[in-house]
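For reference, the structure is listed below as structure tokens.
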Amino acid sequence: MKLFEKYAKLRHKAYVTSMITESVSGSMALENKQVPEAQVRAIVTKLIEEAELRGRKFDD
């Protein structure tokens, strides 16, 4: 069984973007490094777009 079959939520761009943004923001806060959430979200969105260009399929 593939990861995306077992965890269908990982196919949704909005869920993945939110999950990664929250994780990175939380990790940065633990290190006392304040990074605007909008900046983290922009980076995550760009990385997801690059993954799509390489062939990764996401549901909207």
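Order determines the names: the first chain of the structure tokens is A, the second B, and so forth; residues in each chain are numbered 1 upward, and ligands are numbered 1 upward as they are shown.
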According to DSSP computed on the backbone, where in chain A is there helix (DSSP H, G or I)? Give the residues as a JSON list (two decimals) with C-alpha atoms, in the first residue's frame.
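Saved result, selection_10.json, follows:
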```
[["chain", "number", "residue", "atom", "x", "y", "z"],
["A", 3, "LEU", "CA", 1.51, 6.35, 1.33],
["A", 4, "PHE", "CA", -1.03, 8.34, -0.67],
["A", 5, "GLU", "CA", -3.45, 5.41, -0.65],
["A", 6, "LYS", "CA", -3.23, 5.05, 3.11],
["A", 8, "ALA", "CA", -5.61, 10.36, 1.28],
["A", 9, "LYS", "CA", -5.38, 13.81, 2.91],
["A", 10, "LEU", "CA", -1.80, 14.09, 1.62],
["A", 11, "ARG", "CA", -3.22, 14.53, -1.88],
["A", 13, "LYS", "CA", -2.76, 20.86, -1.56],
["A", 14, "ALA", "CA", -4.50, 22.95, 1.08],
["A", 15, "TYR", "CA", -4.00, 20.31, 3.78],
["A", 16, "VAL", "CA", -0.33, 19.74, 2.94],
["A", 17, "THR", "CA", 0.35, 23.49, 2.77],
["A", 18, "SER", "CA", -1.31, 24.08, 6.12],
["A", 19, "MET", "CA", 0.38, 21.12, 7.81],
["A", 20, "ILE", "CA", 3.88, 22.07, 6.64],
["A", 21, "THR", "CA", 3.39, 25.78, 7.37],
["A", 22, "GLU", "CA", 2.27, 25.07, 10.94],
["A", 23, "SER", "CA", 5.12, 22.62, 11.52],
["A", 24, "VAL", "CA", 7.80, 24.98, 10.24],
["A", 25, "SER", "CA", 6.37, 27.99, 12.08],
["A", 26, "GLY", "CA", 6.19, 25.97, 15.31],
["A", 27, "SER", "CA", 9.75, 24.72, 14.95],
["A", 28, "MET", "CA", 11.03, 28.23, 14.28],
["A", 29, "ALA", "CA", 9.16, 29.58, 17.33],
["A", 30, "LEU", "CA", 10.76, 26.91, 19.52],
["A", 37, "GLU", "CA", 3.66, 32.85, 8.67],
["A", 38, "ALA", "CA", 2.87, 34.44, 5.31],
["A", 39, "GLN", "CA", 6.53, 34.11, 4.32],
["A", 40, "VAL", "CA", 6.63, 30.43, 5.32],
["A", 41, "ARG", "CA", 3.36, 29.78, 3.45],
["A", 42, "ALA", "CA", 4.78, 31.45, 0.31],
["A", 43, "ILE", "CA", 7.85, 29.21, 0.42],
["A", 44, "VAL", "CA", 5.75, 26.09, 0.94],
["A", 45, "THR", "CA", 3.42, 27.06, -1.91],
["A", 46, "LYS", "CA", 6.39, 27.56, -4.22],
["A", 47, "LEU", "CA", 7.81, 24.14, -3.29],
["A", 48, "ILE", "CA", 4.46, 22.48, -3.97],
["A", 49, "GLU", "CA", 4.28, 24.20, -7.36],
["A", 50, "GLU", "CA", 7.76, 22.86, -8.18],
["A", 51, "ALA", "CA", 6.66, 19.36, -7.15],
["A", 52, "GLU", "CA", 3.69, 19.64, -9.50],
["A", 53, "LEU", "CA", 5.98, 20.63, -12.34]]
```
